[in-house]
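**Q** Okay, here's the structure, questions in a sec.
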Amino acid sequence: MSENCTHDCSSCGKDCSSRKQESFLKQPHKDSSIKKVIGVVSGKGGVGKSLTTALLASLAQKKGKSVGIMDADITGPSIPKMFGVKDHATGSEAGIDTVLSPSGMQLMSMNLLLEEETMPVVWRGMVISGTVLQFWTDVVWKDVDLLFIDMPPGTGDVPLTVFQSIPIAGIVIVTTPQDLVKMVVEKAVNMANMMNVPVLGIVENMSYLTCPDCGKKIEVFGQSKVKFIAEEYGIPAIARMPLDARISNLADEGRIEDFETDALDEVYAQIEKA
């Protein structure tokens with residue numbers, strides 16, 4: 001630090017130890033009230049990230065929390081379909097209103113803004129990131145205890161925008177048992193560490209299949225890796241979700257809130273503590 005330091009970093013170009021860390025955090029809509037934000041991420045697509053988001057949010061709702069889901073997967077939104085929501089989001093100059101699920105969960109997704117849910121969103125990365133940011137700054141989230149953000153796979157523009165602009169209390173990483181996935185999980189963990197965001201838990205989806213005749217657990221995609229990954233990176237909670245036709249059937253029918261499971265309890269407990 002210079003002897004002539006005024007402690008006004010805005011007028012100084014020196015890179016010293018006392019320089020204040022610039023914050024990129026954005027304020028939510030002025031009428032929003034959000035107590036805690038949890039991100040759900042994956043290193044690659046197709047591992048069940050949106051499904052895990054829906055199940056964690058439904059679990060929180062059943063425990064008496066006021067819950068919201070921000071579907072930040074702009075080009076591949078699936079949250080409204082799983083909850084059977086077909087209404088369009090509405091709003092005014094004052095802000096955009098969320099759409100409610102059958103249980104009263106607040107949802108916002110690109111598919112709630114399109115005329116037809118099958119219309120493709122053919123946008124470049126910066127426009128997509130800007131839209132996700134608007135879901136935070138322009139949408140009115142009313143008295144939300146837990147806001148889950150279902151992020152697109154990978155470590156690109158949208159996760160970076162969310163980590164920098166929204167006060168994330170922690171993330172949950174979703175994976176599957178294959179060896180290849182360990183590498184992409186490591187990418188997600190390392191990005192979280194770079195952004196100083198705690199990793200609260202890891203969910204291994206499609207972890208096993210329960211034989212309907214004998215009840216034996218069959219590890220279809222090989223031996224589970226989730227415990228070893230969690231131990232290696234100090235992740236406090238794990239969950240193993242089975243291959244279960246009931247889950248996909250309920251999601252296809254828009255009734256994902258009806259699925260009951262205790263597999264995510266340990267991960268949810270860490271979310272409560274965050």
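Ligands are numbered from 1 in the order shown, chains are lettered A, B, ... in the order of the structure tokens, and residues start at 1 in each chain.
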Could you write out, as a PyMOL selection string, all the residues of stretch 124-214 of chain A that DSSP marks as helix (DSSP H, G or I)?

**A** chain A and resi 125-137+157-165+179-194

**Q** Could you write those residues out with N, CA and C atoms, as a tab-separated table (two decimals), in the first residue's frame?

**A**
chain	number	residue	atom	x	y	z
A	125	GLY	N	-24.70	-16.74	-27.17
A	125	GLY	CA	-24.48	-16.89	-25.74
A	125	GLY	C	-24.76	-15.65	-24.91
A	126	MET	N	-24.35	-14.47	-25.39
A	126	MET	CA	-24.54	-13.25	-24.61
A	126	MET	C	-26.02	-12.92	-24.43
A	127	VAL	N	-26.83	-13.18	-25.48
A	127	VAL	CA	-28.26	-12.93	-25.38
A	127	VAL	C	-28.90	-13.90	-24.39
A	128	ILE	N	-28.47	-15.15	-24.44
A	128	ILE	CA	-28.99	-16.16	-23.51
A	128	ILE	C	-28.65	-15.78	-22.07
A	129	SER	N	-27.41	-15.38	-21.84
A	129	SER	CA	-26.99	-14.99	-20.48
A	129	SER	C	-27.78	-13.78	-20.01
A	130	GLY	N	-28.04	-12.83	-20.92
A	130	GLY	CA	-28.82	-11.66	-20.56
A	130	GLY	C	-30.24	-12.01	-20.17
A	131	THR	N	-30.80	-12.99	-20.84
A	131	THR	CA	-32.17	-13.43	-20.51
A	131	THR	C	-32.22	-14.05	-19.13
A	132	VAL	N	-31.22	-14.89	-18.82
A	132	VAL	CA	-31.16	-15.49	-17.48
A	132	VAL	C	-31.05	-14.41	-16.42
A	133	LEU	N	-30.26	-13.41	-16.67
A	133	LEU	CA	-30.12	-12.31	-15.72
A	133	LEU	C	-31.44	-11.57	-15.54
A	134	GLN	N	-32.22	-11.45	-16.62
A	134	GLN	CA	-33.54	-10.81	-16.51
A	134	GLN	C	-34.50	-11.65	-15.67
A	135	PHE	N	-34.32	-12.96	-15.67
A	135	PHE	CA	-35.14	-13.80	-14.81
A	135	PHE	C	-34.90	-13.47	-13.33
A	136	TRP	N	-33.76	-12.86	-13.04
A	136	TRP	CA	-33.43	-12.44	-11.68
A	136	TRP	C	-33.85	-11.00	-11.42
A	137	THR	N	-33.58	-10.12	-12.37
A	137	THR	CA	-33.80	-8.68	-12.14
A	137	THR	C	-35.21	-8.21	-12.50
A	157	ASP	N	-21.17	-19.62	-20.53
A	157	ASP	CA	-21.63	-18.26	-20.25
A	157	ASP	C	-22.67	-18.19	-19.13
A	158	VAL	N	-23.68	-19.06	-19.20
A	158	VAL	CA	-24.79	-18.95	-18.23
A	158	VAL	C	-24.33	-19.27	-16.81
A	159	PRO	N	-23.65	-20.41	-16.55
A	159	PRO	CA	-23.17	-20.63	-15.18
A	159	PRO	C	-22.28	-19.50	-14.68
A	160	LEU	N	-21.42	-18.99	-15.56
A	160	LEU	CA	-20.55	-17.89	-15.15
A	160	LEU	C	-21.37	-16.66	-14.78
A	161	THR	N	-22.37	-16.33	-15.59
A	161	THR	CA	-23.23	-15.18	-15.31
A	161	THR	C	-23.97	-15.36	-13.99
A	162	VAL	N	-24.49	-16.57	-13.77
A	162	VAL	CA	-25.24	-16.83	-12.53
A	162	VAL	C	-24.33	-16.73	-11.32
A	163	PHE	N	-23.15	-17.35	-11.39
A	163	PHE	CA	-22.23	-17.32	-10.25
A	163	PHE	C	-21.76	-15.90	-9.93
A	164	GLN	N	-21.58	-15.08	-10.94
A	164	GLN	CA	-21.09	-13.71	-10.72
A	164	GLN	C	-22.19	-12.74	-10.33
A	165	SER	N	-23.42	-12.97	-10.80
A	165	SER	CA	-24.47	-11.96	-10.68
A	165	SER	C	-25.52	-12.26	-9.61
A	179	ASP	N	-17.36	-43.76	-15.93
A	179	ASP	CA	-16.02	-43.23	-15.66
A	179	ASP	C	-15.82	-41.85	-16.28
A	180	LEU	N	-16.33	-41.67	-17.50
A	180	LEU	CA	-16.15	-40.40	-18.20
A	180	LEU	C	-16.69	-39.23	-17.39
A	181	VAL	N	-17.76	-39.49	-16.65
A	181	VAL	CA	-18.44	-38.40	-15.94
A	181	VAL	C	-17.57	-37.83	-14.83
A	182	LYS	N	-16.68	-38.62	-14.25
A	182	LYS	CA	-15.82	-38.12	-13.18
A	182	LYS	C	-15.04	-36.89	-13.65
A	183	MET	N	-14.59	-36.91	-14.89
A	183	MET	CA	-13.83	-35.78	-15.42
A	183	MET	C	-14.71	-34.53	-15.49
A	184	VAL	N	-15.96	-34.68	-15.96
A	184	VAL	CA	-16.81	-33.50	-16.11
A	184	VAL	C	-17.31	-33.01	-14.75
A	185	VAL	N	-17.44	-33.92	-13.80
A	185	VAL	CA	-17.77	-33.50	-12.43
A	185	VAL	C	-16.64	-32.64	-11.87
A	186	GLU	N	-15.42	-33.06	-12.11
A	186	GLU	CA	-14.27	-32.29	-11.64
A	186	GLU	C	-14.28	-30.88	-12.21
A	187	LYS	N	-14.69	-30.74	-13.46
A	187	LYS	CA	-14.78	-29.40	-14.07
A	187	LYS	C	-15.79	-28.54	-13.32
A	188	ALA	N	-16.95	-29.12	-12.99
A	188	ALA	CA	-17.97	-28.38	-12.26
A	188	ALA	C	-17.50	-27.99	-10.87
A	189	VAL	N	-16.84	-28.93	-10.19
A	189	VAL	CA	-16.31	-28.65	-8.85
A	189	VAL	C	-15.26	-27.55	-8.90
A	190	ASN	N	-14.36	-27.65	-9.87
A	190	ASN	CA	-13.29	-26.65	-9.98
A	190	ASN	C	-13.85	-25.27	-10.32
A	191	MET	N	-14.89	-25.21	-11.15
A	191	MET	CA	-15.49	-23.91	-11.45
A	191	MET	C	-16.12	-23.32	-10.19
A	192	ALA	N	-16.82	-24.15	-9.42
A	192	ALA	CA	-17.43	-23.68	-8.18
A	192	ALA	C	-16.37	-23.15	-7.23
A	193	ASN	N	-15.24	-23.86	-7.14
A	193	ASN	CA	-14.16	-23.41	-6.27
A	193	ASN	C	-13.58	-22.09	-6.75
A	194	MET	N	-13.43	-21.94	-8.06
A	194	MET	CA	-12.91	-20.69	-8.61
A	194	MET	C	-13.82	-19.51	-8.28

**Q** Rank A:Leu51, A:Ile173, A:Val67, A:Leu243 by their smallest atom-to-atom distance to A:Val226, using only C-alpha atoms, and report the top residue only.

**A** A:Ile173

**Q** Enumerate the residues of stretch 177-271 of chain A with a DSSP assignment of strand (DSSP E), computed from the backbone, and present them as a PDB file with N, CA and C atoms, in the first residue's frame.

**A**
ATOM      1  N   VAL A 199     -19.969 -26.410  -2.735  1.00  0.00           N
ATOM      2  CA  VAL A 199     -20.636 -27.580  -3.307  1.00  0.00           C
ATOM      3  C   VAL A 199     -21.296 -28.324  -2.151  1.00  0.00           C
ATOM      4  N   LEU A 200     -22.615 -28.327  -2.120  1.00  0.00           N
ATOM      5  CA  LEU A 200     -23.361 -28.874  -0.983  1.00  0.00           C
ATOM      6  C   LEU A 200     -23.576 -30.379  -1.078  1.00  0.00           C
ATOM      7  N   GLY A 201     -23.668 -30.871  -2.299  1.00  0.00           N
ATOM      8  CA  GLY A 201     -23.936 -32.294  -2.453  1.00  0.00           C
ATOM      9  C   GLY A 201     -23.783 -32.726  -3.894  1.00  0.00           C
ATOM     10  N   ILE A 202     -23.742 -34.032  -4.081  1.00  0.00           N
ATOM     11  CA  ILE A 202     -23.645 -34.591  -5.424  1.00  0.00           C
ATOM     12  C   ILE A 202     -24.678 -35.700  -5.553  1.00  0.00           C
ATOM     13  N   VAL A 203     -25.434 -35.658  -6.644  1.00  0.00           N
ATOM     14  CA  VAL A 203     -26.491 -36.640  -6.898  1.00  0.00           C
ATOM     15  C   VAL A 203     -26.073 -37.508  -8.078  1.00  0.00           C
ATOM     16  N   GLU A 204     -26.007 -38.815  -7.843  1.00  0.00           N
ATOM     17  CA  GLU A 204     -25.718 -39.750  -8.922  1.00  0.00           C
ATOM     18  C   GLU A 204     -27.048 -40.296  -9.428  1.00  0.00           C
ATOM     19  N   LEU A 209     -30.617 -50.073 -10.774  1.00  0.00           N
ATOM     20  CA  LEU A 209     -31.966 -50.533 -11.094  1.00  0.00           C
ATOM     21  C   LEU A 209     -32.350 -51.599 -10.080  1.00  0.00           C
ATOM     22  N   THR A 210     -33.512 -51.457  -9.484  1.00  0.00           N
ATOM     23  CA  THR A 210     -33.976 -52.453  -8.523  1.00  0.00           C
ATOM     24  C   THR A 210     -34.775 -53.532  -9.245  1.00  0.00           C
ATOM     25  N   LYS A 217     -30.273 -54.674  -6.169  1.00  0.00           N
ATOM     26  CA  LYS A 217     -29.861 -53.467  -6.868  1.00  0.00           C
ATOM     27  C   LYS A 217     -28.839 -53.832  -7.938  1.00  0.00           C
ATOM     28  N   ILE A 218     -29.161 -53.521  -9.183  1.00  0.00           N
ATOM     29  CA  ILE A 218     -28.287 -53.830 -10.316  1.00  0.00           C
ATOM     30  C   ILE A 218     -27.674 -52.522 -10.811  1.00  0.00           C
ATOM     31  N   ALA A 237     -22.479 -34.222   1.105  1.00  0.00           N
ATOM     32  CA  ALA A 237     -23.649 -35.101   1.011  1.00  0.00           C
ATOM     33  C   ALA A 237     -23.719 -35.758  -0.363  1.00  0.00           C
ATOM     34  N   ILE A 238     -24.220 -36.987  -0.366  1.00  0.00           N
ATOM     35  CA  ILE A 238     -24.411 -37.698  -1.626  1.00  0.00           C
ATOM     36  C   ILE A 238     -25.827 -38.255  -1.685  1.00  0.00           C
ATOM     37  N   ALA A 239     -26.263 -38.548  -2.906  1.00  0.00           N
ATOM     38  CA  ALA A 239     -27.551 -39.213  -3.116  1.00  0.00           C
ATOM     39  C   ALA A 239     -27.424 -40.104  -4.337  1.00  0.00           C
ATOM     40  N   ARG A 240     -28.063 -41.262  -4.274  1.00  0.00           N
ATOM     41  CA  ARG A 240     -28.088 -42.182  -5.415  1.00  0.00           C
ATOM     42  C   ARG A 240     -29.539 -42.358  -5.846  1.00  0.00           C
TER      43      ARG A 240
END

**Q** Which of these, A:Asp87, A:Ile149, A:Leu56, A:Phe24, has the shortest distance to A:Met195 once you count only C-alpha atoms?

**A**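 Once distances to A:Met195 are computed over only C-alpha atoms, the minimum belongs to A:Phe24.
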